[in-house]
>>> print(open('entry.txt').read())   # compact mmCIF, C-alpha atoms and all ligand atoms
# COMPACT_ATOMS: atom_id res chain seq x y z
CA MET B 47 -8.07 -84.38 38.72
CA VAL B 48 -9.24 -80.90 37.70
CA PRO B 49 -10.93 -78.85 40.41
CA GLY B 50 -14.62 -78.43 39.66
CA ILE B 51 -15.01 -74.68 39.60
CA HIS B 52 -18.25 -74.75 37.64
CA ARG B 53 -20.03 -76.97 40.13
CA PRO B 54 -21.48 -75.80 43.45
CA ALA B 55 -19.29 -77.90 45.77
CA ALA B 56 -16.24 -76.72 47.70
CA VAL B 57 -14.15 -77.20 50.80
CA LYS B 58 -14.11 -73.93 52.74
CA VAL B 59 -11.15 -73.17 54.95
CA ASP B 60 -11.23 -70.55 57.70
CA LEU B 61 -7.67 -69.22 57.70
CA GLY B 62 -8.51 -67.04 60.70
CA ALA B 63 -9.22 -70.22 62.70
CA ILE B 64 -5.92 -71.71 61.55
CA ARG B 65 -4.09 -68.56 62.61
CA GLN B 66 -5.79 -68.63 66.04
CA ASN B 67 -5.08 -72.31 66.63
CA ILE B 68 -1.39 -71.79 65.93
CA GLU B 69 -1.20 -68.62 68.00
CA ASN B 70 -2.88 -70.44 70.89
CA GLU B 71 -0.38 -73.29 70.66
CA VAL B 72 2.57 -70.88 70.41
CA LYS B 73 1.40 -69.29 73.68
CA HIS B 74 1.17 -72.75 75.23
CA LEU B 75 4.75 -73.73 74.28
CA GLN B 76 7.34 -74.22 76.97
CA PRO B 77 10.23 -71.74 77.14
CA LYS B 78 12.52 -72.14 74.10
CA GLN B 79 10.21 -74.75 72.57
CA LYS B 80 9.47 -74.19 68.88
CA LEU B 81 6.50 -75.10 66.70
CA PHE B 82 6.85 -76.88 63.38
CA ALA B 83 3.58 -76.86 61.45
CA VAL B 84 2.77 -80.27 59.98
CA VAL B 85 1.34 -79.58 56.53
CA LYS B 86 1.77 -83.01 54.96
CA ALA B 87 -0.87 -84.42 52.63
CA ASN B 88 -1.84 -80.97 51.37
CA ALA B 89 -2.21 -79.75 54.97
CA TYR B 90 -4.57 -82.59 55.86
CA GLY B 91 -6.69 -81.64 52.86
CA HIS B 92 -6.81 -77.92 53.73
CA GLY B 93 -4.22 -76.75 51.15
CA ALA B 94 -0.50 -76.79 51.96
CA VAL B 95 0.66 -73.42 50.65
CA PRO B 96 -2.10 -71.17 52.06
CA VAL B 97 -1.92 -72.98 55.43
CA ALA B 98 1.89 -72.80 55.55
CA LYS B 99 1.87 -69.07 54.80
CA VAL B 100 -0.58 -68.36 57.63
CA ALA B 101 1.35 -70.71 59.94
CA ALA B 102 4.59 -68.83 59.30
CA GLU B 103 2.89 -65.52 60.16
CA ALA B 104 1.30 -67.02 63.27
CA GLY B 105 4.61 -68.15 64.73
CA ALA B 106 5.60 -71.49 63.20
CA SER B 107 9.41 -71.83 63.07
CA GLY B 108 9.37 -74.50 60.39
CA PHE B 109 7.34 -77.18 58.66
CA CYS B 110 6.99 -80.94 58.47
CA VAL B 111 5.79 -82.77 55.38
CA ALA B 112 5.57 -86.45 54.52
CA ILE B 113 7.35 -86.61 51.17
CA LEU B 114 10.01 -84.60 49.35
CA ASP B 115 7.61 -83.30 46.70
CA GLU B 116 5.56 -81.61 49.42
CA ALA B 117 8.69 -79.85 50.65
CA LEU B 118 9.56 -78.71 47.13
CA GLU B 119 6.03 -77.36 46.69
CA LEU B 120 6.56 -75.11 49.73
CA ARG B 121 9.98 -73.97 48.48
CA ARG B 122 8.49 -73.15 45.06
CA ALA B 123 5.89 -71.04 46.86
CA GLY B 124 8.69 -68.97 48.39
CA ILE B 125 8.70 -70.48 51.88
CA VAL B 126 12.22 -70.25 53.30
CA LYS B 127 11.86 -71.60 56.86
CA PRO B 128 13.18 -75.10 57.74
CA ILE B 129 11.26 -78.04 56.29
CA LEU B 130 11.60 -81.63 57.49
CA VAL B 131 10.42 -84.58 55.42
CA LEU B 132 9.07 -87.06 57.98
CA GLY B 133 8.99 -90.13 55.74
CA VAL B 134 11.87 -92.03 54.19
CA THR B 135 13.17 -90.43 50.97
CA SER B 136 15.19 -92.51 48.54
CA PRO B 137 18.91 -91.68 49.09
CA GLU B 138 19.24 -90.85 45.39
CA TYR B 139 17.27 -87.65 46.09
CA ALA B 140 19.52 -86.53 48.97
CA PRO B 141 21.27 -84.00 46.68
CA LEU B 142 17.93 -82.60 45.50
CA ALA B 143 16.86 -82.12 49.12
CA ALA B 144 20.20 -80.56 50.07
CA ALA B 145 20.10 -78.17 47.11
CA ASN B 146 16.68 -76.99 48.27
CA ASN B 147 17.66 -76.73 51.93
CA VAL B 148 15.20 -79.48 52.87
CA SER B 149 15.96 -81.72 55.87
CA LEU B 150 15.50 -85.46 55.50
CA THR B 151 14.74 -88.24 57.98
CA VAL B 152 17.30 -91.01 58.47
CA PRO B 153 15.75 -94.44 59.05
CA ASP B 154 18.93 -96.53 59.34
CA LEU B 155 22.68 -96.75 58.80
CA GLU B 156 22.46 -98.12 55.28
CA TRP B 157 20.46 -95.06 54.23
CA LEU B 158 23.24 -92.81 55.54
CA LYS B 159 25.89 -94.68 53.59
CA ASP B 160 23.88 -94.59 50.36
CA ALA B 161 23.02 -90.90 50.77
CA GLU B 162 26.65 -90.04 51.49
CA LYS B 163 27.73 -91.48 48.12
CA GLU B 164 25.16 -89.34 46.31
CA LEU B 165 26.03 -86.18 48.26
CA ARG B 166 29.76 -86.56 47.63
CA LYS B 167 29.21 -86.62 43.87
CA GLU B 168 27.84 -83.09 44.08
CA ASP B 169 29.78 -81.89 47.13
CA LEU B 170 26.59 -81.05 49.01
CA GLN B 171 25.73 -81.13 52.71
CA LEU B 172 22.34 -82.46 53.82
CA LYS B 173 20.49 -81.59 57.02
CA ILE B 174 19.22 -84.74 58.70
CA HIS B 175 17.03 -85.87 61.57
CA LEU B 176 17.72 -89.30 63.05
CA ALA B 177 14.47 -91.21 63.46
CA ILE B 178 14.13 -93.52 66.45
CA ASP B 179 11.62 -96.33 66.42
CA SER B 180 10.70 -96.27 70.10
CA GLY B 181 7.58 -98.38 69.65
CA MET B 182 5.65 -97.15 66.64
CA GLY B 183 7.20 -99.96 64.59
CA ARG B 184 7.32 -97.70 61.55
CA ILE B 185 10.67 -96.08 60.75
CA GLY B 186 13.89 -95.38 62.59
CA PHE B 187 16.73 -96.92 64.56
CA HIS B 188 15.64 -99.63 66.91
CA GLU B 189 18.86 -101.43 67.88
CA ASP B 190 21.60 -99.93 70.05
CA ARG B 191 24.43 -101.31 67.97
CA GLU B 192 23.24 -99.82 64.70
CA PHE B 193 22.53 -96.45 66.30
CA VAL B 194 25.99 -96.33 67.87
CA ALA B 195 27.51 -97.22 64.47
CA ALA B 196 25.49 -94.45 62.80
CA ASN B 197 26.74 -91.92 65.34
CA LYS B 198 30.28 -93.04 64.64
CA PHE B 199 29.71 -92.78 60.89
CA LEU B 200 28.43 -89.22 61.34
CA GLY B 201 31.30 -87.98 63.53
CA ASN B 202 33.13 -85.36 61.40
CA ASN B 203 31.24 -86.45 58.29
CA LYS B 204 31.01 -83.33 56.11
CA SER B 205 28.15 -84.67 53.99
CA PHE B 206 25.69 -84.29 56.86
CA PHE B 207 24.55 -81.73 59.39
CA VAL B 208 22.71 -83.46 62.24
CA GLU B 209 19.84 -81.10 62.79
CA GLY B 210 17.57 -83.39 64.75
CA MET B 211 16.69 -86.64 66.45
CA PHE B 212 13.09 -87.61 66.94
CA THR B 213 10.53 -90.28 67.60
CA HIS B 214 6.79 -90.60 67.12
CA PHE B 215 4.26 -91.80 69.69
CA ALA B 216 1.68 -94.47 68.97
CA SER B 217 -0.75 -93.44 71.71
CA ALA B 218 -0.17 -89.88 72.93
CA ASP B 219 -3.90 -89.40 72.28
CA SER B 220 -4.93 -91.99 74.85
CA ALA B 221 -5.79 -91.58 78.54
CA ASN B 222 -3.68 -94.63 79.35
CA SER B 223 -0.01 -93.61 79.46
CA ASP B 224 1.66 -97.02 79.86
CA TYR B 225 2.75 -97.51 76.27
CA PHE B 226 3.58 -93.82 75.92
CA ASN B 227 5.88 -94.09 78.94
CA SER B 228 7.58 -97.18 77.53
CA GLN B 229 8.31 -95.22 74.34
CA VAL B 230 9.75 -92.31 76.35
CA LYS B 231 11.99 -94.75 78.18
CA LYS B 232 13.26 -96.33 74.96
CA PHE B 233 13.83 -92.90 73.40
CA ASN B 234 15.75 -91.64 76.43
CA HIS B 235 17.92 -94.72 76.27
CA MET B 236 18.73 -94.08 72.59
CA LYS B 237 19.43 -90.44 73.47
CA SER B 238 22.03 -91.60 75.99
CA LEU B 239 23.90 -93.32 73.13
CA LEU B 240 24.30 -90.11 71.12
CA THR B 241 27.81 -88.97 70.33
CA VAL B 242 26.70 -86.42 67.73
CA LYS B 243 24.83 -83.35 68.99
CA PRO B 244 21.50 -82.75 67.24
CA LYS B 245 20.23 -79.17 67.38
CA TRP B 246 16.64 -80.25 68.09
CA ILE B 247 15.51 -83.37 69.92
CA HIS B 248 11.80 -83.71 69.39
CA VAL B 249 8.97 -86.06 70.23
CA ASP B 250 5.77 -84.04 70.60
CA ASN B 251 2.89 -84.28 68.18
CA THR B 252 -0.31 -82.30 68.84
CA ALA B 253 -1.58 -84.81 71.40
CA ALA B 254 1.61 -84.98 73.46
CA SER B 255 1.65 -81.19 73.62
CA ILE B 256 -1.98 -80.32 74.29
CA PHE B 257 -2.60 -83.16 76.73
CA ASP B 258 0.55 -82.06 78.58
CA LYS B 259 2.42 -85.34 78.46
CA LYS B 260 5.44 -85.25 80.72
CA VAL B 261 8.25 -85.42 78.23
CA HIS B 262 10.85 -83.00 76.91
CA SER B 263 10.63 -81.87 73.27
CA ASP B 264 12.56 -79.02 71.64
CA LEU B 265 9.98 -78.85 68.87
CA VAL B 266 6.28 -79.56 68.74
CA ARG B 267 5.32 -81.16 65.44
CA PHE B 268 1.89 -79.57 65.48
CA GLY B 269 -0.45 -81.22 62.99
CA ILE B 270 -4.13 -81.87 63.64
CA GLY B 271 -4.31 -78.98 66.13
CA ILE B 272 -3.61 -76.49 63.33
CA TYR B 273 -6.89 -77.49 61.78
CA GLY B 274 -8.74 -77.06 65.08
CA LEU B 275 -9.34 -80.74 65.73
CA ASN B 276 -8.82 -82.61 68.98
CA PRO B 277 -6.64 -85.70 68.39
CA SER B 278 -8.12 -87.60 71.32
CA SER B 279 -9.19 -91.07 70.27
CA ASN B 280 -11.30 -92.29 73.11
CA PRO B 281 -14.00 -94.52 71.65
CA ASP B 282 -15.63 -95.18 75.03
CA GLY B 283 -15.95 -91.69 76.42
CA PRO B 284 -15.52 -87.98 75.89
CA ASP B 285 -12.40 -86.55 74.25
CA LEU B 286 -9.42 -85.81 76.45
CA LYS B 287 -9.51 -82.14 77.24
CA ALA B 288 -7.14 -80.04 75.16
CA ASP B 289 -5.08 -77.47 77.03
CA ILE B 290 -5.62 -74.92 74.28
CA LYS B 291 -8.64 -73.62 72.45
CA LEU B 292 -9.15 -75.28 69.07
CA LYS B 293 -11.42 -73.95 66.34
CA PRO B 294 -12.21 -76.24 63.39
CA ALA B 295 -11.23 -74.64 60.10
CA LEU B 296 -12.83 -76.90 57.51
CA SER B 297 -16.36 -77.06 56.20
CA PHE B 298 -17.70 -78.79 53.12
CA GLU B 299 -20.58 -77.23 51.26
CA SER B 300 -22.67 -77.82 48.19
CA GLU B 301 -26.16 -77.13 46.84
CA LEU B 302 -29.18 -79.09 45.67
CA THR B 303 -29.08 -79.54 41.90
CA GLN B 304 -32.50 -81.16 41.59
CA VAL B 305 -35.56 -81.71 43.79
CA LYS B 306 -38.38 -84.08 42.96
CA THR B 307 -41.20 -86.08 44.48
CA ILE B 308 -41.06 -89.84 44.11
CA HIS B 309 -43.90 -92.25 44.81
CA LYS B 310 -44.52 -95.51 46.59
CA GLY B 311 -42.26 -98.27 45.22
CA ASP B 312 -39.75 -95.90 43.56
CA GLY B 313 -36.12 -96.68 44.40
CA VAL B 314 -33.18 -94.32 44.89
CA GLY B 315 -29.62 -94.99 43.72
CA TYR B 316 -27.70 -98.08 42.65
CA GLY B 317 -29.21 -101.28 43.99
CA SER B 318 -32.31 -99.36 45.16
CA THR B 319 -31.26 -99.59 48.81
CA TYR B 320 -33.95 -97.01 49.53
CA VAL B 321 -37.50 -97.56 48.27
CA ALA B 322 -40.21 -94.99 48.96
CA ASP B 323 -43.16 -96.24 51.00
CA GLY B 324 -45.25 -93.27 49.89
CA ASP B 325 -44.68 -89.83 48.37
CA LYS B 326 -41.16 -88.59 49.26
CA ILE B 327 -39.23 -85.48 48.34
CA ILE B 328 -35.71 -86.28 47.17
CA GLY B 329 -32.91 -83.79 46.64
CA THR B 330 -29.78 -84.47 44.60
CA VAL B 331 -26.33 -83.23 45.67
CA PRO B 332 -23.53 -83.12 43.05
CA VAL B 333 -20.87 -84.78 45.23
CA GLY B 334 -19.80 -88.41 45.36
CA TYR B 335 -17.13 -90.85 46.34
CA ALA B 336 -14.79 -89.43 43.67
CA ASP B 337 -14.72 -86.33 45.89
CA GLY B 338 -13.81 -88.46 48.91
CA TRP B 339 -17.41 -88.57 50.14
CA ILE B 340 -17.43 -92.33 50.54
CA ARG B 341 -20.30 -94.78 50.15
CA LYS B 342 -20.36 -95.44 53.87
CA PHE B 343 -22.02 -92.03 54.31
CA GLN B 344 -25.33 -93.55 53.24
CA GLY B 345 -27.73 -92.72 56.12
CA PHE B 346 -25.61 -89.87 57.56
CA LYS B 347 -27.58 -86.69 58.22
CA ILE B 348 -26.33 -83.52 56.56
CA LYS B 349 -27.76 -80.01 56.73
CA VAL B 350 -29.97 -78.93 53.85
CA GLY B 351 -31.40 -75.44 54.31
CA ASP B 352 -32.27 -75.51 58.02
CA SER B 353 -32.95 -79.26 58.29
CA TYR B 354 -30.77 -82.26 58.97
CA CYS B 355 -31.61 -84.79 56.28
CA PRO B 356 -30.48 -88.40 55.84
CA ILE B 357 -28.57 -89.49 52.76
CA VAL B 358 -30.75 -92.11 51.05
CA GLY B 359 -29.58 -94.69 48.55
CA ARG B 360 -25.97 -95.48 47.87
CA VAL B 361 -23.58 -92.60 47.32
CA CYS B 362 -22.64 -92.59 43.62
CA MET B 363 -19.27 -91.56 42.17
CA ASP B 364 -20.38 -87.97 41.55
CA GLN B 365 -23.80 -87.48 43.16
CA PHE B 366 -25.95 -88.59 46.06
CA MET B 367 -29.52 -88.10 47.21
CA VAL B 368 -31.09 -86.82 50.42
CA LEU B 369 -34.56 -87.24 51.84
CA LEU B 370 -36.08 -83.78 52.34
CA PRO B 371 -38.80 -82.97 54.89
CA HIS B 372 -40.52 -80.60 52.45
CA GLU B 373 -40.07 -78.96 49.05
CA MET B 374 -36.91 -76.88 48.77
CA PRO B 375 -35.68 -74.90 45.78
CA VAL B 376 -32.79 -76.00 43.59
CA GLY B 377 -29.75 -74.12 44.85
CA THR B 378 -30.59 -74.66 48.53
CA LYS B 379 -27.37 -74.74 50.55
CA VAL B 380 -26.12 -78.14 51.68
CA VAL B 381 -23.55 -78.49 54.47
CA LEU B 382 -21.96 -81.93 54.38
CA ILE B 383 -19.38 -81.13 57.08
CA SER B 384 -19.84 -78.23 59.49
CA ASN B 385 -16.96 -76.35 61.11
CA ASP B 386 -19.17 -75.86 64.18
CA SER B 387 -17.91 -78.53 66.58
CA LYS B 388 -21.37 -78.65 68.21
CA ALA B 389 -23.22 -79.36 64.96
CA PRO B 390 -24.39 -82.96 64.43
CA ASN B 391 -22.48 -83.02 61.12
CA ASN B 392 -19.15 -81.85 62.53
CA ILE B 393 -16.14 -83.68 61.13
CA LYS B 394 -15.71 -85.92 64.15
CA ALA B 395 -19.34 -87.05 63.94
CA ALA B 396 -18.87 -87.70 60.22
CA ALA B 397 -15.75 -89.75 60.94
CA ASP B 398 -17.47 -91.72 63.71
CA TYR B 399 -20.31 -92.50 61.32
CA VAL B 400 -17.98 -94.10 58.78
CA ASP B 401 -15.83 -95.81 61.44
CA THR B 402 -12.74 -93.73 61.01
CA ILE B 403 -10.95 -90.65 62.33
CA HIS B 404 -11.39 -87.02 61.28
CA TYR B 405 -7.82 -87.01 59.90
CA GLU B 406 -8.92 -89.50 57.27
CA VAL B 407 -12.17 -87.76 56.37
CA ALA B 408 -10.28 -84.49 55.73
CA CYS B 409 -7.46 -86.15 53.75
CA LEU B 410 -9.88 -88.03 51.53
CA LEU B 411 -11.51 -84.84 50.20
CA SER B 412 -10.20 -84.93 46.66
CA ASP B 413 -8.61 -82.34 44.40
CA ARG B 414 -11.85 -82.12 42.45
CA LEU B 415 -13.17 -79.95 45.30
CA PRO B 416 -11.84 -76.39 45.11
CA ARG B 417 -10.50 -75.03 48.40
CA VAL B 418 -12.00 -71.64 49.18
CA TYR B 419 -10.21 -69.50 51.77
CA TYR B 420 -11.80 -66.85 53.99
CA ASN B 421 -10.82 -64.74 57.04
CA LYS B 422 -7.37 -64.41 55.48
C1 LIG Y 1 1.72 -86.66 61.13
C2 LIG Y 1 2.82 -86.58 62.12
C3 LIG Y 1 2.79 -85.63 63.16
C4 LIG Y 1 1.60 -84.75 63.44
O1 LIG Y 1 0.65 -85.47 64.17
P1 LIG Y 1 -0.70 -84.78 64.70
O2 LIG Y 1 -1.38 -85.85 65.45
O3 LIG Y 1 -1.46 -84.38 63.48
O4 LIG Y 1 -0.28 -83.60 65.50
C5 LIG Y 1 3.89 -85.53 63.98
N1 LIG Y 1 4.97 -86.34 63.80
C6 LIG Y 1 5.02 -87.28 62.83
C7 LIG Y 1 6.23 -88.14 62.72
C8 LIG Y 1 3.94 -87.45 61.98
O5 LIG Y 1 3.99 -88.39 61.03
>>> encode(input="entry.txt", output="structure tokens")
Amino acid sequence: MVPGIHRPAAVKVDLGAIRQNIENEVKHLQPKQKLFAVVKANAYGHGAVPVAKVAAEAGASGFCVAILDEALELRRAGIVKPILVLGVTSPEYAPLAAANNVSLTVPDLEWLKDAEKELRKEDLQLKIHLAIDSGMGRIGFHEDREFVAANKFLGNNKSFFVEGMFTHFASADSANSDYFNSQVKKFNHMKSLLTVKPKWIHVDNTAASIFDKKVHSDLVRFGIGIYGLNPSSNPDGPDLKADIKLKPALSFESELTQVKTIHKGDGVGYGSTYVADGDKIIGTVPVGYADGWIRKFQGFKIKVGDSYCPIVGRVCMDQFMVLLPHEMPVGTKVVLISNDSKAPNNIKAAADYVDTIHYEVACLLSDRLPRVYYNK
């Protein structure tokens, strides 16, 4: 999708906030602990390359991405620090990763055997991290026997350099630590089976680090915290308190492209889910679900000028309408998502409104929205 640079709608990213969030986390690290900045999915919608460059300056020792293409994007941009692909990459691309000094995740023994064949053809050595499924049920070794066999396979195997071993928590963001502790126990057990010596053994995501979970981790895979967002998912109460200061980096802004008065009985949008019961002033915003601003936002209040105004009618693919309290000129500023965490349209409030998490709201913002960087 082409970015719409001739339309007044953009995602604004405060790189100064990103820098501060990382610096705050670096100060909070334990002795010898390192920070890997998680910039997968285009840095959670914020833009992978600009975020990674600031992260490197602010003290990140390396990066995590989800897929190999994201790692190659960073390499093409001149980033030389370690990069780990967190997902499973097809073994046929092991040589491509090795040639670009990108570390891959190992999900199982069969993957190792297949990757070895590919690496031997080109006489390359690949850096790997052994994934442990300690209870996420997603990727990694789960059975003792297979993990022991993989360790044996790796002993003196020149095709691989065992850079890491890691697991991922399902509920580090929760006040209840029972499941978290069961994962730690399983991971420690798998660790006791190691015969190879990974350089980094790592478990922490943002939540495990900033809620001070009692677990050892050589690296923090710092994701959502970079963007200034608290990962706590506590539907029944306030967020868990983060141990570091977080400043949201993302805002989403547009402008009114038309303002008009409609009259009693006039509908707004597909299916006329809003019908005026008298004279109403309606503003049009040139953003829609093709930008990731989903239909569920109908009814959500966004800031237009100085007022918070409800979205009326269904959100269309490329436009939606708001109910204005009074006449406002075309070109009036519209803030769909505020980077002020106290504003009623902050990203967490937006996510709550559409029954999801802020991670998803940020990732959905599509490539049609230019990313504009400030406080560089
Ligand atoms: C996405 C991801 C992270 C980062 O998680 P945050 O909650 O954003 O800090 C860390 N580790 C793995 C394996 C991930 O997939």
>>> residues_around(input="entry.txt", residues="B:Glu299", least_positions_apart="4", cutoff="6 Å", atoms="all atoms listed in the file", output="list in words")
Ala55, Ala56, Val380, Val381 and Leu382 of chain B
>>> residues_around(input="entry.txt", residues="stretch 270-279 of chain B", least_positions_apart="4", cutoff="8 Å", atoms="only C-alpha atoms", output="ChimeraX atom specification")
/B:63-65,67-68,83-84,90,219-220,252-253,285-286,288,292-296,404-405
>>> residues_near_point(input="entry.txt", point="(6.7, -79.2, 73.8)", cutoff="8 Å", atoms="all atoms listed in the file", output="number ranges by chain")
B: 75-76, 79-80, 250, 254-255, 261-266
>>> closest_residue(input="entry.txt", among="B:Phe233, B:Cys110, B:Asn203, B:Val368", to="B:Asn251", atoms="all atoms listed in the file")
B:Cys110
>>> closest_atom_pairs(input="entry.txt", of="stretch 153-265 of chain B", to="stretch 115-137 of chain B", cutoff="12 Å", atoms="all atoms listed in the file", output="JSON lines")
{"residue": "B:Pro153", "atom": "CA", "partner": "B:Val134", "partner_atom": "CA", "distance": 6.7}
{"residue": "B:Asp154", "atom": "CA", "partner": "B:Val134", "partner_atom": "CA", "distance": 9.8}
{"residue": "B:Leu155", "atom": "CA", "partner": "B:Pro137", "partner_atom": "CA", "distance": 11.6}
{"residue": "B:Glu156", "atom": "CA", "partner": "B:Pro137", "partner_atom": "CA", "distance": 9.6}
{"residue": "B:Trp157", "atom": "CA", "partner": "B:Pro137", "partner_atom": "CA", "distance": 6.3}
{"residue": "B:Leu158", "atom": "CA", "partner": "B:Pro137", "partner_atom": "CA", "distance": 7.9}
{"residue": "B:Lys159", "atom": "CA", "partner": "B:Pro137", "partner_atom": "CA", "distance": 8.8}
{"residue": "B:Asp160", "atom": "CA", "partner": "B:Pro137", "partner_atom": "CA", "distance": 5.9}
{"residue": "B:Ala161", "atom": "CA", "partner": "B:Pro137", "partner_atom": "CA", "distance": 4.5}
{"residue": "B:Glu162", "atom": "CA", "partner": "B:Pro137", "partner_atom": "CA", "distance": 8.3}
{"residue": "B:Lys163", "atom": "CA", "partner": "B:Pro137", "partner_atom": "CA", "distance": 8.9}
{"residue": "B:Glu164", "atom": "CA", "partner": "B:Pro137", "partner_atom": "CA", "distance": 7.2}
{"residue": "B:Leu165", "atom": "CA", "partner": "B:Pro137", "partner_atom": "CA", "distance": 9.0}
{"residue": "B:Leu172", "atom": "CA", "partner": "B:Pro137", "partner_atom": "CA", "distance": 10.9}
{"residue": "B:Lys173", "atom": "CA", "partner": "B:Leu130", "partner_atom": "CA", "distance": 8.9}
{"residue": "B:Ile174", "atom": "CA", "partner": "B:Leu130", "partner_atom": "CA", "distance": 8.3}
{"residue": "B:His175", "atom": "CA", "partner": "B:Leu130", "partner_atom": "CA", "distance": 8.0}
{"residue": "B:Leu176", "atom": "CA", "partner": "B:Leu132", "partner_atom": "CA", "distance": 10.3}
{"residue": "B:Ala177", "atom": "CA", "partner": "B:Leu132", "partner_atom": "CA", "distance": 8.7}
{"residue": "B:Ile178", "atom": "CA", "partner": "B:Leu132", "partner_atom": "CA", "distance": 11.8}
{"residue": "B:Arg184", "atom": "CA", "partner": "B:Gly133", "partner_atom": "CA", "distance": 9.7}
{"residue": "B:Ile185", "atom": "CA", "partner": "B:Val134", "partner_atom": "CA", "distance": 7.8}
{"residue": "B:Gly186", "atom": "CA", "partner": "B:Val134", "partner_atom": "CA", "distance": 9.3}
{"residue": "B:Glu209", "atom": "CA", "partner": "B:Leu130", "partner_atom": "CA", "distance": 9.8}
{"residue": "B:Gly210", "atom": "CA", "partner": "B:Leu130", "partner_atom": "CA", "distance": 9.6}
{"residue": "B:Met211", "atom": "CA", "partner": "B:Leu132", "partner_atom": "CA", "distance": 11.4}
{"residue": "B:Phe212", "atom": "CA", "partner": "B:Leu132", "partner_atom": "CA", "distance": 9.8}
{"residue": "B:Thr213", "atom": "CA", "partner": "B:Leu132", "partner_atom": "CA", "distance": 10.2}
{"residue": "B:His214", "atom": "CA", "partner": "B:Leu132", "partner_atom": "CA", "distance": 10.1}
{"residue": "B:Trp246", "atom": "CA", "partner": "B:Leu130", "partner_atom": "CA", "distance": 11.8}
{"residue": "B:Leu265", "atom": "CA", "partner": "B:Leu130", "partner_atom": "CA", "distance": 11.8}
>>> closest_residue(input="entry.txt", among="B:Phe193, B:Phe109, B:Phe187, B:Phe268", to="ligand LIG 1 (chain Y)", atoms="all atoms listed in the file")
B:Phe268
>>> residues_around(input="entry.txt", residues="B:Val331", least_positions_apart="6", cutoff="8 Å", atoms="all atoms listed in the file", output="PyMOL selection string")
chain B and resi 300-304+365-368+380
>>> write_last_selection(input="entry.txt", atoms="C-alpha atoms", output="PDB file, in the frame of the given file")
ATOM      1  CA  SER B 300     -22.670 -77.820  48.190  1.00  0.00           C
ATOM      2  CA  GLU B 301     -26.160 -77.130  46.840  1.00  0.00           C
ATOM      3  CA  LEU B 302     -29.180 -79.090  45.670  1.00  0.00           C
ATOM      4  CA  THR B 303     -29.080 -79.540  41.900  1.00  0.00           C
ATOM      5  CA  GLN B 304     -32.500 -81.160  41.590  1.00  0.00           C
ATOM      6  CA  GLN B 365     -23.800 -87.480  43.160  1.00  0.00           C
ATOM      7  CA  PHE B 366     -25.950 -88.590  46.060  1.00  0.00           C
ATOM      8  CA  MET B 367     -29.520 -88.100  47.210  1.00  0.00           C
ATOM      9  CA  VAL B 368     -31.090 -86.820  50.420  1.00  0.00           C
ATOM     10  CA  VAL B 380     -26.120 -78.140  51.680  1.00  0.00           C
TER      11      VAL B 380
END
>>> closest_residue(input="entry.txt", among="B:Asp60, B:Asn385, B:Glu71, B:Asn197", to="B:Asp258", atoms="only C-alpha atoms")
B:Glu71
>>> atom_distance(input="entry.txt", atom1="atom CA of B:Ser223", atom2="atom CA of B:Pro284")
16.9 Å
>>> closest_residue(input="entry.txt", among="B:Ala336, B:Leu142, B:Ile348, B:Ala389", to="B:Cys362", atoms="only C-alpha atoms")
B:Ala336
>>> closest_residue(input="entry.txt", among="B:Asp179, B:Gly105, B:Ser384, B:Asp323", to="B:His235", atoms="all atoms listed in the file")
B:Asp179
>>> atom_distance(input="entry.txt", atom1="atom CA of B:Asn391", atom2="atom CA of B:Ser297")
9.9 Å
>>> decode(input="entry.txt", residues="stretch 110-118 of chain B", atoms="N, CA and C atoms", output="PDB file, in the first residue's frame")
ATOM      1  N   CYS B 110      15.527  -8.005  18.414  1.00  0.00           N
ATOM      2  CA  CYS B 110      14.710  -9.181  18.111  1.00  0.00           C
ATOM      3  C   CYS B 110      13.669  -8.775  17.079  1.00  0.00           C
ATOM      4  N   VAL B 111      13.451  -9.670  16.132  1.00  0.00           N
ATOM      5  CA  VAL B 111      12.397  -9.471  15.132  1.00  0.00           C
ATOM      6  C   VAL B 111      11.610 -10.775  15.049  1.00  0.00           C
ATOM      7  N   ALA B 112      10.531 -10.771  14.297  1.00  0.00           N
ATOM      8  CA  ALA B 112       9.701 -11.975  14.225  1.00  0.00           C
ATOM      9  C   ALA B 112      10.080 -12.853  13.046  1.00  0.00           C
ATOM     10  N   ILE B 113      10.448 -12.222  11.926  1.00  0.00           N
ATOM     11  CA  ILE B 113      10.700 -12.990  10.698  1.00  0.00           C
ATOM     12  C   ILE B 113      12.007 -12.518  10.056  1.00  0.00           C
ATOM     13  N   LEU B 114      12.573 -13.388   9.234  1.00  0.00           N
ATOM     14  CA  LEU B 114      13.889 -13.115   8.649  1.00  0.00           C
ATOM     15  C   LEU B 114      13.904 -11.818   7.835  1.00  0.00           C
ATOM     16  N   ASP B 115      12.849 -11.544   7.114  1.00  0.00           N
ATOM     17  CA  ASP B 115      12.817 -10.324   6.296  1.00  0.00           C
ATOM     18  C   ASP B 115      12.987  -9.071   7.147  1.00  0.00           C
ATOM     19  N   GLU B 116      12.453  -9.112   8.363  1.00  0.00           N
ATOM     20  CA  GLU B 116      12.614  -7.945   9.247  1.00  0.00           C
ATOM     21  C   GLU B 116      14.072  -7.782   9.662  1.00  0.00           C
ATOM     22  N   ALA B 117      14.755  -8.902   9.845  1.00  0.00           N
ATOM     23  CA  ALA B 117      16.185  -8.827  10.181  1.00  0.00           C
ATOM     24  C   ALA B 117      16.973  -8.262   9.000  1.00  0.00           C
ATOM     25  N   LEU B 118      16.642  -8.725   7.802  1.00  0.00           N
ATOM     26  CA  LEU B 118      17.369  -8.266   6.608  1.00  0.00           C
ATOM     27  C   LEU B 118      17.127  -6.774   6.375  1.00  0.00           C
TER      28      LEU B 118
END
